[in-house]
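First comes the structure, then the notes that go with it.
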Amino acid sequence: MQQPDTPSSGVASGGAAPPAPASLCVKCHLHEATLDSRSQRVCSDCFTKFISAKCIKQVGIIGKDIRNPGTGAASQKKKYLLGLSLGVSSSVLVHLLNENVEYQLAKGRNAPFDLVIVHVDSSGLYPSSSSPGSVQETLEGYRKRYPRFEFRLVPLSAVLDLDTVDWRTLILPSSAVTPPENEQQLHALFFDRLSSPTSRADILRLFTRHLLISSARTESCHALLLGHTTTALAELTLAETAKGRGFSLPWQVNDGPVAVVSHSTAVPTEPITTTTTPTSQSSNATTTTTESQIQVYHPLRDLLRKELVIYATELMGTPSLASDLNIMIPNHPSSATQQAAAAVVSHKDLSIEEVMFRYFAEVEENYPSVVANVARTTGKLVRLLGGDSEPATGSHSSCGMCTMPLDEQGDERWRGELGDEDVEDDMTRSSAGRICYGCERSIRG
Amino acid sequence: MAPALCAICKTERALIKRPKNHAKLCKGCFITIFEDEVHHTITSSQLFYPGEKVAIGASGGKDSTVLASVLKTLNERHNYGLDLILLSIDEGIKGYRDDSLETVKRNAVQYEMPLKVVGYDELYGWTMDQVVETIGKKGNCTYCGVFRRQALDRGAKMLEIKHVVTGHNADDVAETILMNLLRGDLARLSRSTSIVTGDSRSDVKRSKPLKYAYEKEIVLYAHHKKLDYFSTECIYSPEAFRGSARSLIKQLERVRPSAILDIVRSGEDMARLVPGESSSSCGGGCKDKKTAPVARVEDDIGGCGSQNGRTPGGEMAAMETQLRENEASEGLEIDVSKNISQKEDSENKNERAVPIRTGNKNAKPVNRQVLGNCKRCGYMSSQDICQACMLLEGLNKNRPQIQI
Ligand SMILES: [Zn+2]
Ligand SMILES: [Zn+2]
Ligand SMILES: [Zn+2]
């Protein structure tokens, strides 16, 4: 073995940033180790391989799951929909999937899957905070870089056309408030009705999810892929806990089927299943709910966000992936100028998600295994209704806003413990669509 | 601007913005609603029975002082018929307890309750000062915490009292929930959400009537009722840290006041989702269950003085190390993924027979500790010998040398 000839200045020169010690990568023993990866010194090659291996492993699992009988013929080509936030994680996911496809094609095989990429554009809600250049422009950069994939822009207001949101949940029993019907009313919903940044972020997240799921269904995709990293899943766990949504965590954090519920008078064009039940005691007797399901996966669940940041800012050539695609990376020097504008937000104006983001950015830095453990632990929680691998189907009713199963037992117990019977009566039991504890917090304060 | 009127009585001026929901109330209405809510907690969970002898774990701090005051008020107002006494633990730290014990003594007079002070020396044969002499200042918070955890139970047992109430509030419970999520300890998460803890075999039941009360409201209540309390901080906590979970809770509360209660709600619900717990703790038919489920617990919210149960940076670091070791020995996970990708290009040279972990949805059983009882002292413990007895063993070995 050959020692690279660098002045062996002895032990690390005691400073904050010693010049990279000339050690060899612990994995390949060929190249100089330049990066710390999970407490090992590795070279950028091995690091890059590690990132894609972690992702492709998960993609392999999806392929196997979907090949299961019932979903379709074995030979049927898989088609996925990827939710692109334009942030670092989902962008890297696009990049890795593209790499995977090119690799297969180079081997003379067929592309392993088709991919439709959808960005839900909510920049209309917060015009000032959107990144320089329009979303349209940004997306154009993606199209150029990944011509193989199809990129769609879906405006947030498209949610108004969805029947997977039970719009009656937005009706206040005691007032004349009606569900939003156009973009202005949607805007008013967010800024007049939803009282806090947390509630706005929460409902925006749900609407985005509804739109992604609905796009996946209209596109006849086999699965929806989300860019959550281990870090993001840990954030999600604690954020949802803090928003009173602990009960639905097993459906949110794990991969697998989740329920899609339509609330409509019309029969959906292509019902995948089955249970059509008239909503009981509804004020609107003609409303029915139809339930089906969709597979949701998080292929980056084994990677840390900071690893993807390194990947996107340092490893993918010059210009880096991040600057080529104009990706905003919070708390990263590369986007310092963009940061400056966003940093003036007072602490009180943060949402719970943002608090968790900041918190885990710190924890991730020093305790990455703790972060990974949070996501892993949450994964062990059981889905109490409808079985472990099933979406909540059939006899269980679901929340009209988030579609997660309603925890009637928990609601009942909580009412007993807290004793605010009268308030809850108004809310959960009104003839309008029923919602879960977490949605109630966000919608009704 | 004219002063706003109280949202409840609509006659008095609103002087208080309730931390819990920002309702604007007058002083009288705030005190009443605070007491009513504790009363509701007590009745809905059926914490007490008439004639029950109940020890209030009293430290002289705000939580236990408010608890004593509220329980006295409610006991008289609603005829609970409780026989209340104050139970105080003296760790044996010279000077440290002097002021707080004085506070508790005054409380005993103010609330007309008998007071019993039990010392670590009586319970363990060691005062904290002696412990520090033996092992030095570093790490003694562990001793203090472990001893304290059992002290109330042991003290109650000495007095033949079967029920101890403590001043743990909603912030404490929320903090424990987040901490156990961060620790990945589902079993403890599920146990710590119960309002009643204890063990049928240990004879002493523990409950926390202030479980749903916000810390800030407890402070307000103490202030407006002009209660006599003492703010304690354990002086033997050089490792005192701004608890990770605690500061997170405070930030969340600032961002959305309901968050503390919402975390408690989430924690209670998640307790039912812990594999193996769902059947035992709330067996399906929770509806007709009137009394609160009792969880066996090695008091999770224990610890030292008011620094209870904070996650020290040290603990997180220790956990990080532990987890990394696990990863290393669990091994080859990295290589597994490499193998798969190599397999896919069918040029796999060195395929190893490594068990492939399938997906994440296969819920592995949670590593559950089986709680038994300590062979020496009978206190509940997941080990044969409880932590306190282990520590004592170590201390007692050192004793002869010290005494020489
Ligand atoms: Zn290497
Ligand atoms: Zn909901
Ligand atoms: Zn009033």
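Ligands are numbered from 1 in the order shown, chains are lettered A, B, ... in the order of the structure tokens, and residues start at 1 in each chain.
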
- [ ] Select the residues contacting ligand 3 at a distance of at most 8 Å, based on only C-alpha atoms and all ligand atoms, then format the selection as a ChimeraX atom specification.
- [x] /B:5-14,25-30

With ligand 2 as the partner and 9 Å as the cut-off, tabulate the residues of chain A that qualify, each row holding the nearest pair of atoms and their distance in Å to one decimal, using only C-alpha atoms and all ligand atoms, sorted by chain and rising number, as a tab-separated table.
```
residue	atom	partner	partner_atom_place_in_ligand_line	distance
A:Leu206	CA	ligand 2	1 (Zn)	8.9
A:Arg245	CA	ligand 2	1 (Zn)	8.0
A:Ser248	CA	ligand 2	1 (Zn)	8.8
A:Ser398	CA	ligand 2	1 (Zn)	7.8
A:Cys399	CA	ligand 2	1 (Zn)	4.6
A:Gly400	CA	ligand 2	1 (Zn)	6.5
A:Met401	CA	ligand 2	1 (Zn)	5.0
A:Cys402	CA	ligand 2	1 (Zn)	4.0
A:Thr403	CA	ligand 2	1 (Zn)	6.1
A:Met404	CA	ligand 2	1 (Zn)	5.8
A:Pro405	CA	ligand 2	1 (Zn)	7.9
A:Leu406	CA	ligand 2	1 (Zn)	7.6
A:Arg434	CA	ligand 2	1 (Zn)	8.5
A:Ile435	CA	ligand 2	1 (Zn)	5.1
A:Cys436	CA	ligand 2	1 (Zn)	4.1
A:Tyr437	CA	ligand 2	1 (Zn)	6.6
A:Gly438	CA	ligand 2	1 (Zn)	5.7
A:Cys439	CA	ligand 2	1 (Zn)	4.3
A:Glu440	CA	ligand 2	1 (Zn)	7.2
```

Which residues come within 10 Å of Asp45 in chain A, counting only C-alpha atoms, excluding same-chain residues fewer than 5 positions away, as a PDB file with N, CA and C atoms, in the first residue's frame?
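Result written to result.pdb:
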```pdb
ATOM      1  N   CYS A  25      -9.483   6.401   2.193  1.00  0.00           N
ATOM      2  CA  CYS A  25     -10.885   6.061   2.399  1.00  0.00           C
ATOM      3  C   CYS A  25     -10.985   4.667   3.014  1.00  0.00           C
ATOM      4  N   LYS A  27     -13.315   2.700   2.913  1.00  0.00           N
ATOM      5  CA  LYS A  27     -14.089   1.727   2.144  1.00  0.00           C
ATOM      6  C   LYS A  27     -13.296   1.169   0.966  1.00  0.00           C
ATOM      7  N   CYS A  28     -12.760   2.070   0.154  1.00  0.00           N
ATOM      8  CA  CYS A  28     -12.082   1.563  -1.041  1.00  0.00           C
ATOM      9  C   CYS A  28     -10.571   1.429  -0.858  1.00  0.00           C
ATOM     10  N   HIS A  31      -8.671   5.940  -2.585  1.00  0.00           N
ATOM     11  CA  HIS A  31      -8.632   7.388  -2.715  1.00  0.00           C
ATOM     12  C   HIS A  31      -8.462   8.058  -1.360  1.00  0.00           C
ATOM     13  N   GLU A  32      -8.103   9.310  -1.464  1.00  0.00           N
ATOM     14  CA  GLU A  32      -7.964  10.072  -0.238  1.00  0.00           C
ATOM     15  C   GLU A  32      -9.337  10.315   0.378  1.00  0.00           C
ATOM     16  N   ALA A  33      -9.410  10.123   1.676  1.00  0.00           N
ATOM     17  CA  ALA A  33     -10.673  10.365   2.363  1.00  0.00           C
ATOM     18  C   ALA A  33     -10.850  11.853   2.569  1.00  0.00           C
ATOM     19  N   THR A  34     -11.966  12.359   2.103  1.00  0.00           N
ATOM     20  CA  THR A  34     -12.195  13.794   2.220  1.00  0.00           C
ATOM     21  C   THR A  34     -13.450  14.114   3.016  1.00  0.00           C
ATOM     22  N   PHE A  50     -22.554   5.486  -1.742  1.00  0.00           N
ATOM     23  CA  PHE A  50     -23.342   5.218  -0.538  1.00  0.00           C
ATOM     24  C   PHE A  50     -24.715   5.874  -0.639  1.00  0.00           C
ATOM     25  N   LEU A 315     -20.632  17.662  -4.462  1.00  0.00           N
ATOM     26  CA  LEU A 315     -20.159  16.474  -5.164  1.00  0.00           C
ATOM     27  C   LEU A 315     -20.572  16.331  -6.623  1.00  0.00           C
TER      28      LEU A 315
END
```

Mind dumping a table of every chain A residue within 7 Å of chain B, with the nearest atom pair and its distance in Å to one decimal, using only C-alpha atoms, sorted by chain and rising number, as CSV?
```
residue,atom,partner,partner_atom,distance
A:Ala53,CA,B:Ser337,CA,5.7
A:Lys54,CA,B:Ser337,CA,6.1
A:Ile56,CA,B:Ser341,CA,6.9
A:Lys57,CA,B:Ser337,CA,5.7
A:Ile61,CA,B:Gly359,CA,6.7
A:Thr241,CA,B:Ser266,CA,5.4
A:Ala242,CA,B:Ile263,CA,4.7
A:Lys243,CA,B:Asp262,CA,5.7
A:Gly244,CA,B:Asp262,CA,4.3
A:Arg245,CA,B:Ser266,CA,5.9
A:Gly246,CA,B:Ser266,CA,4.1
A:Phe247,CA,B:Asp269,CA,5.4
A:Asn254,CA,B:Lys361,CA,5.8
A:Asp255,CA,B:Lys361,CA,6.3
A:Lys348,CA,B:Val255,CA,5.4
A:Leu350,CA,B:Val255,CA,6.4
A:Ser351,CA,B:Val255,CA,6.5
A:Ile352,CA,B:Leu252,CA,6.4
A:Tyr367,CA,B:Glu320,CA,5.6
A:Ser369,CA,B:Glu320,CA,5.6
A:Val370,CA,B:Glu320,CA,5.7
A:Asn373,CA,B:Gly184,CA,6.1
A:Val374,CA,B:Leu182,CA,5.6
A:Thr377,CA,B:Gly184,CA,5.3
A:Gly379,CA,B:Asn360,CA,6.6
A:Lys380,CA,B:Ala363,CA,4.7
A:Leu381,CA,B:Val274,CA,5.2
A:Val382,CA,B:Leu273,CA,5.0
A:Arg383,CA,B:Leu273,CA,6.8
A:Leu384,CA,B:Leu273,CA,6.2
A:Gly410,CA,B:Asp269,CA,6.3
A:Gly416,CA,B:Ser44,CA,6.4
A:Glu417,CA,B:Thr41,CA,6.0
A:Gly419,CA,B:His40,CA,6.8
```

Open item on the list: Measuring between only C-alpha atoms, which one of A:Ala201, A:Leu418, A:Ala322, A:Val309 shows the shortest distance to Glu354 in chain A?
Closed with: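 So, comparing all the options, the nearest one is A:Ala201.
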
Open item on the list: Report as a ChimeraX atom specification all protein, DNA and RNA residues lying within 6 Å of range 218-229 of chain A, evaluated on only C-alpha atoms, omitting residues in the same chain fewer than 5 positions from it.
Closed with: /A:79-83,89-90,295-298,300-301,303-305

Task: Which of range 92-176 of chain A fall in strand (DSSP E), as a PyMOL selection string - done: chain A and resi 113-121+150-155

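Between CA of Glu235 in chain A and CA of Val260 in chain A the interatomic distance comes to 24.2 Å.
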
Open item on the list: Neighbouring residues of Tyr229 in chain B were defined as those with any atom within 6 Å, considering only C-alpha atoms; residues of the same chain fewer than 3 positions away were excluded. Please report them as a PyMOL selection string.
Closed with: chain B and resi 60-62

Output file for the residues above (N, CA, C and O atoms, as a PDB file, in the first residue's frame):
```pdb
ATOM      1  N   GLY B  60     -41.526  22.222  48.609  1.00  0.00           N
ATOM      2  CA  GLY B  60     -41.474  23.656  48.851  1.00  0.00           C
ATOM      3  C   GLY B  60     -41.461  24.450  47.555  1.00  0.00           C
ATOM      4  O   GLY B  60     -41.582  25.653  47.557  1.00  0.00           O
ATOM      5  N   GLY B  61     -41.337  23.765  46.433  1.00  0.00           N
ATOM      6  CA  GLY B  61     -41.347  24.413  45.120  1.00  0.00           C
ATOM      7  C   GLY B  61     -42.756  24.763  44.690  1.00  0.00           C
ATOM      8  O   GLY B  61     -43.730  24.393  45.338  1.00  0.00           O
ATOM      9  N   LYS B  62     -42.864  25.452  43.562  1.00  0.00           N
ATOM     10  CA  LYS B  62     -44.169  25.960  43.151  1.00  0.00           C
ATOM     11  C   LYS B  62     -45.172  24.851  42.841  1.00  0.00           C
ATOM     12  O   LYS B  62     -46.339  24.956  43.221  1.00  0.00           O
TER      13      LYS B  62
END
```

Task: Of the listed residues B:Glu91, B:Val104, B:Lys162, B:Asp83, that which approaches Thr127 in chain B most closely, counting only C-alpha atoms - done: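 Ranking B:Glu91, B:Val104, B:Lys162, B:Asp83 by distance to Thr127 in chain B, first place goes to B:Glu91.
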
Open item on the list: Run DSSP on the backbone and tell me which residues of range 52-158 of chain B come out as alpha helix (DSSP H); list them as a count of residues only.
Closed with: 63

TODO: Write out as a PyMOL selection string each polymer residue whose atoms come within 9 Å of Ser91 in chain A, counting only C-alpha atoms; drop sequence neighbours fewer than 4 positions from it.
DONE: chain A and resi 84-87+95-96+142+227+312+321-322+325+327

Open item on the list: Please report the interatomic distance between CA of Ala68 in chain B and CA of Arg149 in chain B in Å with one decimal.
Closed with: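 CA of Arg149 in chain B lies 19.8 Å from CA of Ala68 in chain B.
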
Task: Spatial neighbours of Pro147 in chain A, max dist 12 Å, only C-alpha atoms, sep filter under 6 positions, as a list in words - done: Val94, His95, Asn98, Glu102, Leu115, Val116, Ile117, Leu139, Glu140 and Gly141 of chain A

Task: Nearest candidate to ligand 1 (options A:Ser262, A:Ser44, A:Ser23, A:Thr138; using only C-alpha atoms and all ligand atoms) - done: A:Ser44
